[in-house]
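Structure file run-v8.txt; described as compact mmCIF, C-alpha atoms.
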# COMPACT_ATOMS: atom_id res chain seq x y z
CA MET A 28 26.85 31.25 -16.12
CA ALA A 29 25.70 29.27 -13.08
CA ASN A 30 27.90 26.41 -11.92
CA TYR A 31 26.40 22.97 -11.79
CA ILE A 32 27.63 19.45 -12.14
CA TYR A 33 26.22 16.30 -13.61
CA LYS A 34 25.95 13.04 -11.68
CA ARG A 35 24.96 9.63 -12.94
CA ILE A 36 23.37 7.35 -10.39
CA THR A 37 23.20 3.63 -11.07
CA TYR A 38 20.67 0.97 -10.16
CA LYS A 39 23.26 -0.51 -7.81
CA GLU A 40 23.28 2.78 -5.89
CA LEU A 41 19.48 2.80 -5.86
CA LYS A 42 19.35 -0.74 -4.50
CA ASP A 43 22.12 -0.09 -1.93
CA ASP A 44 20.44 3.18 -0.87
CA THR A 45 23.76 4.99 -1.42
CA TYR A 46 22.16 7.26 -4.06
CA LYS A 47 20.94 9.48 -1.21
CA ASN A 48 24.48 10.78 -0.73
CA ALA A 49 24.64 12.11 -4.28
CA TYR A 50 22.28 15.07 -4.04
CA ILE A 51 19.84 17.03 -1.91
CA PRO A 52 16.31 16.69 -3.30
CA GLN A 53 14.42 19.90 -4.04
CA ASP A 54 11.25 18.97 -2.18
CA ASP A 55 9.25 22.01 -3.12
CA LYS A 56 10.57 22.86 -6.57
CA PHE A 57 9.00 20.14 -8.65
CA PRO A 58 5.39 19.24 -9.29
CA VAL A 59 6.43 15.66 -8.60
CA THR A 60 6.92 16.43 -4.93
CA SER A 61 9.19 14.02 -3.13
CA HIS A 62 9.41 12.27 -6.45
CA LEU A 63 11.37 9.23 -5.42
CA THR A 64 8.66 7.67 -3.27
CA PRO A 65 9.26 4.25 -1.68
CA SER A 66 6.59 2.98 -4.06
CA LEU A 67 8.43 4.29 -7.15
CA ARG A 68 11.76 2.96 -5.84
CA ASP A 69 10.23 -0.51 -5.43
CA ALA A 70 8.67 -0.27 -8.91
CA LEU A 71 11.95 0.70 -10.58
CA ILE A 72 13.93 -1.99 -8.78
CA ALA A 73 11.34 -4.61 -9.79
CA CYS A 74 11.18 -3.45 -13.43
CA PRO A 75 11.56 -6.53 -15.68
CA GLY A 76 13.36 -4.42 -18.32
CA ASN A 77 16.30 -3.74 -15.99
CA ASP A 78 18.92 -6.43 -16.36
CA ASP A 79 22.11 -4.71 -15.28
CA ASP A 80 22.68 -2.83 -12.03
CA SER A 81 25.49 -0.79 -13.57
CA LYS A 82 22.98 0.96 -15.85
CA THR A 83 21.70 4.44 -15.15
CA PHE A 84 18.87 4.90 -12.69
CA MET A 85 18.97 8.70 -12.63
CA ASN A 86 20.71 11.55 -14.39
CA VAL A 87 20.88 14.46 -12.00
CA PHE A 88 22.31 17.96 -12.10
CA VAL A 89 23.25 19.53 -8.78
CA ASP A 90 24.14 23.11 -7.94
CA GLU A 91 27.16 24.23 -5.91
CA GLU A 92 25.45 23.27 -2.64
CA GLY A 93 24.61 19.80 -3.90
CA LYS A 94 20.92 20.58 -4.41
CA GLU A 95 19.19 18.79 -7.22
CA ILE A 96 18.30 21.24 -9.98
CA GLY A 97 17.37 18.84 -12.76
CA ARG A 98 16.91 15.13 -13.23
CA ASP A 99 15.28 12.27 -15.04
CA PHE A 100 14.83 8.59 -14.20
CA ARG A 101 15.95 5.86 -16.55
CA PHE A 102 14.83 2.29 -16.86
CA GLY A 103 14.87 -0.46 -19.42
CA THR A 104 12.11 -1.83 -21.55
CA ARG A 105 12.05 -3.92 -24.72
CA ILE A 106 10.67 -3.60 -28.22
CA LYS A 107 9.82 -6.41 -30.59
CA ALA A 108 10.71 -5.82 -34.23
CA GLY A 109 9.49 -8.74 -36.31
CA ASP A 110 10.68 -11.83 -34.48
CA LYS A 111 13.58 -10.08 -32.72
CA VAL A 112 13.52 -8.40 -29.32
CA PHE A 113 15.74 -5.43 -28.47
CA LYS A 114 16.54 -3.76 -25.17
CA VAL A 115 15.36 -0.18 -25.13
CA GLY A 116 15.98 2.77 -22.85
CA THR A 117 13.17 4.86 -21.51
CA GLY A 118 12.50 7.08 -18.56
CA GLY A 119 10.42 9.71 -16.89
CA GLY A 120 10.35 12.26 -14.10
CA PHE A 121 12.04 14.79 -16.38
CA GLU A 122 12.21 18.08 -14.46
CA VAL A 123 14.44 21.15 -14.40
CA VAL A 124 14.19 23.91 -11.79
CA GLU A 125 12.74 26.96 -13.52
CA GLU A 126 15.68 29.31 -13.05
CA TYR A 127 17.99 26.79 -14.74
CA ARG A 128 15.82 26.25 -17.81
CA LYS A 129 17.49 29.22 -19.52
CA GLU A 130 20.80 27.40 -19.12
CA GLY A 131 19.59 24.68 -21.48
CA LEU A 132 19.68 22.07 -18.72
CA GLY A 133 16.64 20.28 -20.17
CA ALA A 134 18.46 19.90 -23.47
CA GLU A 135 21.53 18.58 -21.69
CA LEU A 136 19.42 15.94 -19.93
CA MET A 137 17.94 14.84 -23.24
CA LEU A 138 21.38 14.73 -24.86
CA ILE A 139 22.80 12.67 -21.98
CA SER A 140 20.18 10.00 -22.59
CA GLN A 141 20.62 10.21 -26.32
CA ASN A 142 24.41 9.89 -26.16
CA ASN A 143 24.36 7.19 -23.49
CA LYS A 144 25.57 3.92 -25.02
CA GLU A 145 23.50 1.66 -22.73
CA TYR A 146 20.75 1.27 -25.32
CA ASP A 147 20.55 1.39 -29.14
CA PHE A 148 16.90 2.41 -29.02
CA LEU A 149 15.01 4.96 -26.96
CA LEU A 150 11.25 4.97 -26.49
CA TYR A 151 9.08 7.57 -24.75
CA ALA A 152 5.35 8.06 -24.35
CA GLY A 153 3.15 10.82 -23.05
CA ILE A 154 5.26 13.45 -24.81
CA THR A 155 3.67 16.87 -24.34
CA GLN A 156 3.23 19.45 -27.10
CA LYS A 157 5.56 21.72 -25.14
CA VAL A 158 8.57 19.40 -25.42
CA LEU A 159 7.64 17.81 -28.75
CA PRO A 160 9.86 20.24 -30.77
CA MET A 161 12.84 18.95 -28.77
CA TYR A 162 12.09 15.38 -29.85
CA HIS A 163 11.79 16.60 -33.44
CA LYS A 164 15.19 18.28 -33.16
CA LEU A 165 16.67 15.04 -31.89
CA LYS A 166 15.15 13.25 -34.89
CA TYR A 167 12.79 10.93 -33.05
CA HIS A 168 10.06 9.18 -35.00
CA ILE A 169 6.86 10.58 -33.55
CA PHE A 170 3.54 8.74 -33.27
CA LYS A 171 0.27 10.47 -32.52
CA VAL A 172 -2.86 8.60 -31.46
CA PRO A 173 -6.32 10.13 -30.92
CA GLN A 174 -7.12 10.25 -27.22
CA TYR A 175 -10.67 10.37 -25.84
CA TYR A 176 -12.18 11.11 -22.45
CA LYS A 177 -15.54 10.56 -20.83
CA ILE A 178 -16.87 12.35 -17.78
CA LEU A 179 -18.31 9.99 -15.17
CA ASN A 180 -18.89 12.57 -12.44
CA SER A 181 -19.82 16.23 -12.90
CA LYS A 182 -17.52 16.99 -9.96
CA TYR A 183 -14.95 17.14 -12.77
CA ILE A 184 -16.58 20.30 -14.15
CA LEU A 185 -16.81 21.93 -10.69
CA THR A 186 -13.16 21.19 -9.93
CA ARG A 187 -11.93 22.19 -13.36
CA PHE A 188 -13.65 25.56 -13.29
CA ALA A 189 -13.24 26.11 -9.52
CA LEU A 190 -17.03 26.30 -8.98
CA LYS A 191 -17.86 26.12 -5.28
CA GLY A 192 -20.98 26.44 -3.12
CA LYS A 193 -24.26 24.69 -2.38
CA MET A 194 -25.86 25.79 -5.63
CA TRP A 195 -23.06 24.29 -7.71
CA ASN A 196 -23.18 21.08 -5.68
CA LEU A 197 -26.88 20.84 -6.44
CA ILE A 198 -26.25 21.47 -10.13
CA ALA A 199 -23.53 18.81 -10.03
CA ARG A 200 -26.01 16.27 -8.62
CA MET A 201 -28.43 17.12 -11.39
CA GLY A 202 -25.55 16.79 -13.83
CA ASN A 203 -24.80 13.31 -12.52
CA CYS A 204 -28.45 12.34 -13.08
CA ALA A 205 -28.12 13.60 -16.66
CA ILE A 206 -24.88 11.61 -17.13
CA LYS A 207 -26.70 8.46 -15.93
CA ILE A 208 -29.61 9.06 -18.31
CA LEU A 209 -27.25 9.70 -21.24
CA ASP A 210 -25.45 6.48 -20.33
CA ILE A 211 -28.56 4.30 -20.73
CA PRO A 212 -27.68 3.34 -24.35
CA ASN A 213 -24.22 2.25 -23.11
CA LYS A 214 -25.82 0.19 -20.33
CA ILE A 215 -28.01 -1.54 -22.93
CA LYS A 216 -24.96 -2.24 -25.11
CA ILE A 217 -22.99 -3.46 -22.09
CA ASN A 218 -25.82 -5.82 -21.12
CA ARG A 219 -25.86 -7.13 -24.68
CA ILE A 220 -22.11 -7.82 -24.83
CA ASN A 221 -22.14 -9.20 -21.28
CA GLN A 222 -24.34 -11.97 -22.69
CA LYS A 223 -21.64 -12.82 -25.24
CA PHE A 224 -18.57 -12.48 -23.04
CA SER A 225 -17.61 -12.67 -19.41
CA ILE A 226 -14.83 -10.76 -17.72
CA LYS A 227 -12.62 -12.11 -14.97
CA LYS A 228 -10.47 -9.95 -12.72
CA GLU A 229 -6.97 -11.41 -12.45
CA THR A 230 -4.34 -10.97 -9.78
CA ILE A 231 -1.90 -13.28 -11.55
CA ILE A 232 -1.54 -12.45 -15.24
CA PRO A 233 -2.39 -15.50 -17.38
CA GLU A 234 0.36 -17.01 -19.55
CA TRP A 235 -1.65 -16.63 -22.79
CA VAL A 236 -1.40 -12.83 -22.58
CA SER A 237 2.23 -12.79 -23.81
CA GLU A 238 1.36 -14.67 -26.98
CA MET A 239 -1.78 -12.65 -27.65
CA THR A 240 0.02 -9.30 -27.59
CA ALA A 241 3.07 -10.58 -29.50
CA ASN A 242 0.91 -11.93 -32.32
CA ASP A 243 -1.44 -9.01 -32.83
CA GLY A 244 -0.13 -8.48 -36.37
CA HIS A 245 2.04 -5.38 -35.93
CA LEU A 246 5.71 -5.44 -36.88
CA PHE A 247 6.84 -3.20 -34.01
CA MET A 248 5.67 -3.01 -30.41
CA GLU A 249 6.87 -2.46 -26.88
CA VAL A 250 7.04 -5.97 -25.40
CA HIS A 251 4.08 -6.33 -23.08
CA ASP A 252 4.37 -9.88 -21.88
CA ARG A 253 3.14 -11.62 -18.75
CA ALA A 254 6.07 -10.39 -16.63
CA TRP A 255 5.60 -6.79 -17.79
CA PHE A 256 1.87 -6.83 -17.01
CA GLN A 257 2.47 -8.40 -13.61
CA TRP A 258 5.01 -5.67 -12.81
CA ASN A 259 2.48 -3.01 -13.70
CA LEU A 260 -0.31 -4.73 -11.83
CA ASP A 261 1.80 -4.94 -8.67
CA HIS A 262 3.32 -1.44 -8.66
CA ASN A 263 2.57 2.22 -9.05
CA THR A 264 4.44 5.44 -8.41
CA TYR A 265 2.91 6.90 -5.28
CA GLY A 266 1.16 4.05 -3.49
CA PHE A 267 -1.92 6.14 -2.65
CA ASP A 268 -5.03 4.19 -1.62
CA GLU A 269 -6.85 5.68 -4.62
CA ASP A 270 -4.16 4.51 -7.05
CA ILE A 271 -5.15 1.08 -8.24
CA GLN A 272 -4.57 -0.95 -11.35
CA SER A 273 -6.64 -3.89 -12.53
CA PHE A 274 -6.36 -6.58 -15.16
CA TYR A 275 -9.34 -8.40 -16.66
CA SER A 276 -9.51 -11.39 -18.98
CA VAL A 277 -12.32 -11.39 -21.51
CA LEU A 278 -13.66 -14.93 -21.98
CA ASP A 279 -16.24 -16.47 -24.26
CA LYS A 280 -19.07 -18.58 -22.90
CA ASN A 281 -16.79 -21.63 -22.91
CA ASN A 282 -14.26 -19.74 -20.78
CA LYS A 283 -11.86 -19.51 -23.70
CA PRO A 284 -9.76 -16.30 -23.60
CA LEU A 285 -10.72 -13.82 -26.31
CA GLY A 286 -8.86 -10.80 -25.05
CA PHE A 287 -8.03 -8.69 -22.05
CA PHE A 288 -7.87 -5.15 -20.79
CA MET A 289 -5.97 -3.36 -18.08
CA THR A 290 -7.10 -0.20 -16.31
CA LYS A 291 -5.59 2.17 -13.81
CA GLU A 292 -7.03 4.78 -11.48
CA ARG A 293 -4.92 7.66 -10.27
CA LEU A 294 -5.49 10.50 -7.84
CA ILE A 295 -4.39 13.68 -9.62
CA GLN A 296 -2.08 15.28 -7.10
CA LYS A 297 -0.20 17.75 -9.25
CA SER A 298 -1.20 21.31 -8.55
CA GLY A 299 -3.62 22.54 -11.19
CA SER A 300 -7.28 22.67 -12.07
CA ASP A 301 -7.63 18.86 -11.97
CA LYS A 302 -6.06 18.39 -8.51
CA GLY A 303 -8.00 15.99 -6.31
CA LEU A 304 -9.86 14.32 -9.16
CA ILE A 305 -9.53 10.62 -9.82
CA ARG A 306 -8.64 9.76 -13.38
CA GLY A 307 -9.23 6.32 -14.84
CA THR A 308 -7.45 5.07 -17.94
CA ILE A 309 -7.82 2.02 -20.14
CA VAL A 310 -4.10 1.47 -20.51
CA GLU A 311 -3.86 -1.84 -22.37
CA TRP A 312 -6.11 -4.24 -24.24
CA GLU A 313 -6.03 -6.90 -26.89
CA SER A 314 -8.41 -9.12 -28.78
CA CYS A 315 -7.44 -12.32 -30.55
CA ASN A 316 -10.39 -11.91 -32.93
CA LYS A 317 -11.38 -8.32 -33.61
CA SER A 318 -14.47 -9.34 -35.61
CA VAL A 319 -15.83 -11.02 -32.47
CA LEU A 320 -14.42 -8.69 -29.80
CA SER A 321 -13.70 -5.20 -31.12
CA GLU A 322 -11.65 -2.41 -29.54
CA ALA A 323 -14.96 -0.56 -28.93
CA ASP A 324 -16.42 -3.66 -27.19
CA ILE A 325 -13.37 -3.77 -24.93
CA ASN A 326 -13.84 -0.11 -24.04
CA LEU A 327 -17.47 -0.79 -23.13
CA LEU A 328 -16.51 -3.78 -21.01
CA ALA A 329 -13.83 -1.69 -19.29
CA ILE A 330 -16.08 1.29 -18.47
CA GLN A 331 -18.18 -0.79 -16.09
CA THR A 332 -15.15 -1.93 -14.09
CA PHE A 333 -13.96 1.47 -12.83
CA SER A 334 -14.67 2.24 -9.18
CA LYS A 335 -17.40 4.74 -8.32
CA LYS A 336 -14.76 7.26 -7.19
CA VAL A 337 -13.46 7.79 -10.74
CA ASP A 338 -14.38 11.21 -12.14
CA LEU A 339 -13.31 10.80 -15.76
CA ILE A 340 -11.80 8.12 -17.92
CA PHE A 341 -9.36 8.16 -20.83
CA THR A 342 -8.75 5.81 -23.69
CA LEU A 343 -7.11 5.74 -27.11
CA ALA A 344 -8.64 4.91 -30.48
CA CYS A 345 -5.85 2.82 -32.02
CA GLU A 346 -8.11 1.41 -34.74
CA SER A 347 -9.79 3.77 -37.17
CA ALA A 348 -13.22 2.21 -36.65
CA THR A 349 -13.11 2.85 -32.92
CA ALA A 350 -13.26 6.65 -32.86
CA ASN A 351 -16.87 6.97 -34.07
CA GLN A 352 -18.03 4.30 -31.66
CA LEU A 353 -16.30 6.02 -28.77
CA LYS A 354 -18.11 9.25 -29.63
CA LYS A 355 -21.42 7.38 -29.59
CA MET A 356 -20.51 6.11 -26.12
CA GLY A 357 -20.16 9.69 -24.88
CA PHE A 358 -16.39 10.06 -25.25
CA ARG A 359 -14.98 13.38 -26.42
CA GLU A 360 -11.66 14.11 -28.09
CA TRP A 361 -8.74 15.14 -25.92
CA ALA A 362 -5.23 16.16 -26.94
CA LEU A 363 -3.32 13.63 -29.03
CA PHE A 364 -1.38 10.96 -27.20
CA ILE A 365 2.23 11.25 -28.39
CA ALA A 366 5.00 8.66 -28.31
CA GLY A 367 8.43 8.73 -29.90
CA VAL A 368 11.13 6.22 -30.81
CA LYS A 369 14.77 6.77 -31.67
CA ASP A 370 16.68 4.10 -33.58
CA LYS A 371 20.18 5.36 -32.82
CA LYS A 372 21.97 3.01 -35.20
CA LYS A 373 19.28 3.24 -37.88
CA GLN A 374 18.70 -0.51 -37.82
CA PHE A 375 15.15 -0.32 -39.23
CA GLU A 376 14.18 1.79 -42.22
CA ASN A 377 10.47 1.51 -41.52
CA ILE A 378 10.53 1.99 -37.74
CA GLY A 379 8.94 5.43 -38.13
CA GLU A 380 5.78 4.14 -39.83
CA GLN A 381 3.05 4.49 -37.23
CA ASN A 382 0.74 1.91 -38.81
CA LEU A 383 3.41 -0.76 -38.23
CA TRP A 384 3.33 -0.17 -34.47
CA ARG A 385 1.12 -1.67 -31.79
CA LEU A 386 0.55 1.46 -29.72
CA ARG A 387 -1.11 1.64 -26.35
CA TYR A 388 -1.59 4.25 -23.66
CA GLY A 389 0.32 2.02 -21.26
CA TYR A 390 3.70 2.53 -22.91
CA THR A 391 7.03 3.05 -21.12
CA ASN A 392 6.46 4.91 -17.85
CA MET A 393 2.85 5.88 -18.61
CA ILE A 394 1.46 2.79 -17.00
CA ILE A 395 3.09 2.98 -13.57
CA LEU A 396 2.67 6.73 -13.15
CA MET B 21 32.08 29.46 -44.03
CA THR B 22 32.64 32.94 -42.65
CA ILE B 23 31.57 34.09 -39.19
CA ASN B 24 28.82 36.16 -40.83
CA ASP B 25 27.45 33.10 -42.62
CA PHE B 26 27.55 31.25 -39.32
CA ILE B 27 25.68 34.02 -37.54
CA GLU B 28 22.93 33.77 -40.18
CA LYS B 29 22.65 30.03 -39.65
CA PHE B 30 22.74 30.45 -35.86
CA ALA B 31 19.91 32.99 -36.07
CA GLU B 32 17.86 30.65 -38.23
CA ALA B 33 18.40 27.72 -35.84
CA VAL B 34 17.53 29.73 -32.74
CA GLU B 35 14.64 31.41 -34.59
CA ILE B 36 15.89 34.97 -34.24
CA GLU B 37 14.11 37.00 -36.92
CA ASP B 38 16.66 39.77 -37.25
CA ALA B 39 20.13 38.27 -37.63
CA SER B 40 21.62 41.76 -37.90
CA ALA B 41 20.96 42.17 -34.18
CA LEU B 42 23.62 39.52 -33.58
CA SER B 43 27.38 39.84 -33.77
CA ALA B 44 30.29 37.51 -33.22
CA ASN B 45 30.56 38.81 -29.67
CA THR B 46 26.91 38.22 -28.78
CA GLU B 47 26.66 36.16 -25.60
CA PHE B 48 24.14 33.64 -26.82
CA ARG B 49 22.97 32.54 -23.34
CA LYS B 50 21.76 36.06 -22.69
CA LEU B 51 19.47 36.04 -25.72
CA ALA B 52 15.75 36.07 -24.91
CA GLU B 53 15.32 33.19 -27.35
CA TRP B 54 17.93 30.98 -25.65
CA ASP B 55 16.39 27.91 -24.02
CA SER B 56 16.62 24.13 -24.25
CA LEU B 57 15.11 24.04 -27.70
CA ALA B 58 17.58 26.67 -28.93
CA TYR B 59 20.40 24.63 -27.37
CA LEU B 60 19.28 21.48 -29.21
CA SER B 61 18.86 23.45 -32.42
CA VAL B 62 22.46 24.66 -32.25
CA ILE B 63 23.71 21.15 -31.45
CA ALA B 64 21.73 19.88 -34.47
CA LEU B 65 23.15 22.71 -36.64
CA LEU B 66 26.72 21.82 -35.70
CA ASP B 67 26.07 18.16 -36.36
CA GLU B 68 24.34 18.66 -39.71
CA GLU B 69 26.34 21.56 -41.17
CA PHE B 70 29.77 20.91 -39.72
CA ASP B 71 29.64 17.24 -38.74
CA VAL B 72 30.89 18.39 -35.34
CA GLN B 73 29.80 16.96 -31.99
CA ILE B 74 30.78 19.13 -29.06
CA GLU B 75 30.83 17.53 -25.63
CA MET B 76 28.43 19.14 -23.16
CA ASP B 77 31.24 20.07 -20.78
CA ASP B 78 33.01 21.85 -23.64
CA PHE B 79 29.84 23.56 -24.81
CA ARG B 80 29.25 24.93 -21.33
CA LYS B 81 32.55 26.83 -21.58
CA LEU B 82 31.41 28.68 -24.70
CA ASN B 83 29.95 32.14 -24.22
CA SER B 84 29.77 33.94 -27.53
CA ILE B 85 28.70 33.00 -31.06
CA GLN B 86 32.35 33.43 -32.04
CA ASP B 87 33.27 30.77 -29.41
CA ILE B 88 30.88 28.28 -31.05
CA PHE B 89 32.23 29.10 -34.50
CA ASP B 90 35.82 28.64 -33.28
CA ALA B 91 34.95 25.32 -31.65
CA CYS B 92 33.63 24.09 -34.99
CA GLN B 93 36.84 25.06 -36.75
CA LYS B 94 39.01 23.33 -34.15
CA ASP B 95 37.26 19.97 -34.39

Can you dump the structure from the file as C-alpha cells?
Amino acid sequence: MANYIYKRITYKELKDDTYKNAYIPQDDKFPVTSHLTPSLRDALIACPGNDDDSKTFMNVFVDEEGKEIGRDFRFGTRIKAGDKVFKVGTGGGFEVVEEYRKEGLGAELMLISQNNKEYDFLLYAGITQKVLPMYHKLKYHIFKVPQYYKILNSKYILTRFALKGKMWNLIARMGNCAIKILDIPNKIKINRINQKFSIKKETIIPEWVSEMTANDGHLFMEVHDRAWFQWNLDHNTYGFDEDIQSFYSVLDKNNKPLGFFMTKERLIQKSGSDKGLIRGTIVEWESCNKSVLSEADINLLAIQTFSKKVDLIFTLACESATANQLKKMGFREWALFIAGVKDKKKQFENIGEQNLWRLRYGYTNMIIL
Amino acid sequence: MTINDFIEKFAEAVEIEDASALSANTEFRKLAEWDSLAYLSVIALLDEEFDVQIEMDDFRKLNSIQDIFDACQKD
C-alpha cells in the first residue's frame, strides 16, 4: 500500500499564505490546473459563510515527497429551516490523482468532511452521476432538478463534434441564421414582456433581495441574502476576462421590484469536447408574485442579457409549469442537476423532501465556479 | 457472526458476484472491484451491521478481509 499522509489546512493559513508550505501542488495532474488561483483565494477569503479562521480551508493528502495527491476545498454557507438559520459546510475542487483512486482516497476525503465536527449540516450541488452512489452510501438526501440548455451559437456543435474546415464554418453560419429565425417567437415574447417589466443591471445588490428569497414559501433553502449575492457578483474562480457574473432587478412600470435574476458566463477551460466554449447560466432568480412574473418570464428576460460571446445557456425548471415553456423557447433537456444535504444530527425529519426546498443552480460552490 | 458470514456480507457490499472467490486472507485492496465506493460500502457495512466506526488511520493498516473482521470484534 502506498504511503500518504493527510493534512488539514485552515483559513488562517490561507490568509497568512503559510498554506504553501504544506504541500507541492500537482500542476498537471488535475483538470483544475493550478486550482488555487489568486481569484479563488480572494473569493474563499471573502466568503460570507466563513466566520472562523480556525475552520478547514482544504483537506489535502500528500505523498512521501510532499506532493499533493488528493484534496478538496471547504467553506461555510448557511441554510434556513423555517425561521432558523444554521451554519453549513460545503466545498468543491474534489480531486484525487488517478493512481491513488484505487486506494480509496476519494472515500477518505468524503469521510473526513463527514466526520468533521465543524458543521452539523453538509450541502453540495452539482453532484455528478459518477459520484452520486457515494453520496447515497453516506446517506445524503438527494435532490434532482430538470436542467435545460439552449444553443445560441452553432459553434457549439462544431466544437463538440470536432468539426473543422471552411465548409463547416459556412454551415455554422447558416446554422446561426437558422437559430435566429427559430428565435423570432422568443423575440416577440420578450418584446411583449419588456412592455410589462423593465430590467436594471445592478452592481450593488439591493436590500430587498434578502427578504424576497427568504419569503419565497419554501421551508428549507440555502441562505441567499444580499451579502451572499454581492460576494458572488464580485468574485469568480479563475478571473478570466470571459468569466463574468451579472445581477438584474426586474421592476414593474412604477419601478417597484417584482423579482430578480443572476447570470454567469464562464469560459470552459477543462480539457474535453466543450473546451473553449463560453457557457452562460441563469444561476438565481426570484419573483415576489409568480402569477405576474413567472419563472419562464424570468428565463426569457435573462436570455437577452447574455453577451454575444456566449455559445449555450443553461437553466433549471424548478417549477413544474416551467419545463414545457422552456421547451417552447428552444431549450432542450440536459442531465439532471443534483444536490445533496446531510443532516448529521437528524434535526429535521422532513429535510429530505425536495418539494420543501428552494433549489437553484447557484447553490454552494456552483455559483463562483 | 462467523468469518464466512462476514465474507458474504463483504462481497455483497463491494458488489462481488461470486463470494466463493474470496477467503479470509484475500487482500481486499487488490480486488478489481476495490475503489472509493467499495471503501464507503464497507464503512457503511461496519456501521450498520456491527455499529463499529473504524478510524481512517486504523483502516489503512488493514490488508485482508480477516483484518477487517478482527477489527470489528475488537471494538

How close does chain B get to chain A? List, as a Markdown table, each residue of chain B within 8 Å, its nearest atom pair and the distance in Å to one decimal, counting only C-alpha atoms.
| residue | atom | partner | partner_atom | distance |
| --- | --- | --- | --- | --- |
| B:Arg49 | CA | A:Glu130 | CA | 7.0 |
| B:Trp54 | CA | A:Lys129 | CA | 6.4 |
| B:Asp55 | CA | A:Lys129 | CA | 4.8 |
| B:Ser56 | CA | A:Gly131 | CA | 4.1 |
| B:Leu57 | CA | A:Met161 | CA | 5.7 |
| B:Ala58 | CA | A:Gly131 | CA | 8.0 |
| B:Tyr59 | CA | A:Gly131 | CA | 5.9 |
| B:Leu60 | CA | A:Ala134 | CA | 6.0 |
| B:Ser61 | CA | A:Lys164 | CA | 6.4 |
| B:Ala64 | CA | A:Lys164 | CA | 6.9 |
| B:Met76 | CA | A:Glu135 | CA | 7.1 |

* Could you state the separation of CA of Val123 in chain A and CA of Arg98 in chain A in Å, given to one decimal place? -> 6.6 Å

* Which residues, written as JSON, numbers by chain, have at least one atom at most 12 Å from range 38-53 of chain A, with only C-alpha atoms counted and residues fewer than 6 positions away on the same chain left out? -> {"A": [31, 32, 59, 60, 61, 62, 63, 64, 65, 67, 68, 69, 70, 71, 72, 73, 74, 77, 78, 79, 80, 81, 82, 83, 84, 85, 86, 87, 88, 89, 90, 91, 92, 93, 94, 95, 96, 97, 98, 100, 101, 102, 103, 122, 123, 124, 125]}

* **CA of Ala350 in chain A to CA of Asn316 in chain A, distance in Å rounded to a single decimal** =>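 Between these atoms lies a distance of 18.8 Å.
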
* Asked: Pick from B:Ile27, B:Cys92, B:Val34, B:Met21: nearest to Val62 in chain B, with all atoms listed in the file counted?
  ->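 For Val62 in chain B, the nearest of the given residues is B:Val34.
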
* Choose the residue, out of B:Ser40, B:Thr22, B:Asn45, B:Gln93, that has the smallest atom-to-atom separation from Asp71 in chain B; count all atoms listed in the file. => B:Gln93

* Of the candidates A:Arg306, A:Lys216, A:Lys297, A:Lys171, which one gets nearest to Cys345 in chain A if we count all atoms listed in the file? ->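 The answer is A:Lys171, which sits nearest to Cys345 in chain A.
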
* Local residues around (23.6, 35.5, -36.1), at most 8 Å away, using all atoms listed in the file, as JSON, numbers by chain -> {"B": [24, 25, 26, 27, 28, 29, 30, 31, 32, 36, 39, 40, 41, 42, 43, 44, 85]}

* For the atom pair CA of Arg293 in chain A and CA of Lys157 in chain A, what is the interatomic distance in Å to one decimal place? -> 23.0 Å

* Residue list as a PyMOL selection string for point (-10.0, -15.3, -24.3), cut-off 10 Å, only C-alpha atoms -> chain A and resi 224-226+235-236+239+276-287+313-316+320

Quick one: write out the picked residues with C-alpha atoms as an mmCIF file, in the frame of the given file?
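Now in selection23.cif:
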data_model
loop_
_atom_site.group_PDB
_atom_site.id
_atom_site.type_symbol
_atom_site.label_atom_id
_atom_site.label_comp_id
_atom_site.auth_asym_id
_atom_site.auth_seq_id
_atom_site.Cartn_x
_atom_site.Cartn_y
_atom_site.Cartn_z
ATOM 1 C CA PHE A 224 -18.570 -12.480 -23.040
ATOM 2 C CA SER A 225 -17.610 -12.670 -19.410
ATOM 3 C CA ILE A 226 -14.830 -10.760 -17.720
ATOM 4 C CA TRP A 235 -1.650 -16.630 -22.790
ATOM 5 C CA VAL A 236 -1.400 -12.830 -22.580
ATOM 6 C CA MET A 239 -1.780 -12.650 -27.650
ATOM 7 C CA SER A 276 -9.510 -11.390 -18.980
ATOM 8 C CA VAL A 277 -12.320 -11.390 -21.510
ATOM 9 C CA LEU A 278 -13.660 -14.930 -21.980
ATOM 10 C CA ASP A 279 -16.240 -16.470 -24.260
ATOM 11 C CA LYS A 280 -19.070 -18.580 -22.900
ATOM 12 C CA ASN A 281 -16.790 -21.630 -22.910
ATOM 13 C CA ASN A 282 -14.260 -19.740 -20.780
ATOM 14 C CA LYS A 283 -11.860 -19.510 -23.700
ATOM 15 C CA PRO A 284 -9.760 -16.300 -23.600
ATOM 16 C CA LEU A 285 -10.720 -13.820 -26.310
ATOM 17 C CA GLY A 286 -8.860 -10.800 -25.050
ATOM 18 C CA PHE A 287 -8.030 -8.690 -22.050
ATOM 19 C CA GLU A 313 -6.030 -6.900 -26.890
ATOM 20 C CA SER A 314 -8.410 -9.120 -28.780
ATOM 21 C CA CYS A 315 -7.440 -12.320 -30.550
ATOM 22 C CA ASN A 316 -10.390 -11.910 -32.930
ATOM 23 C CA LEU A 320 -14.420 -8.690 -29.800
#

* Determine, counting only C-alpha atoms, which protein, DNA and RNA residues have an atom within 8 Å of an atom of Thr104 in chain A; residues of the same chain fewer than 6 positions away are not included. Present the result as a list in words. =>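 Answer for this query is Pro75, Gly76, Asn77, Lys114, Val115, Gly116, Thr117, Glu249, Val250 and Thr391 of chain A.
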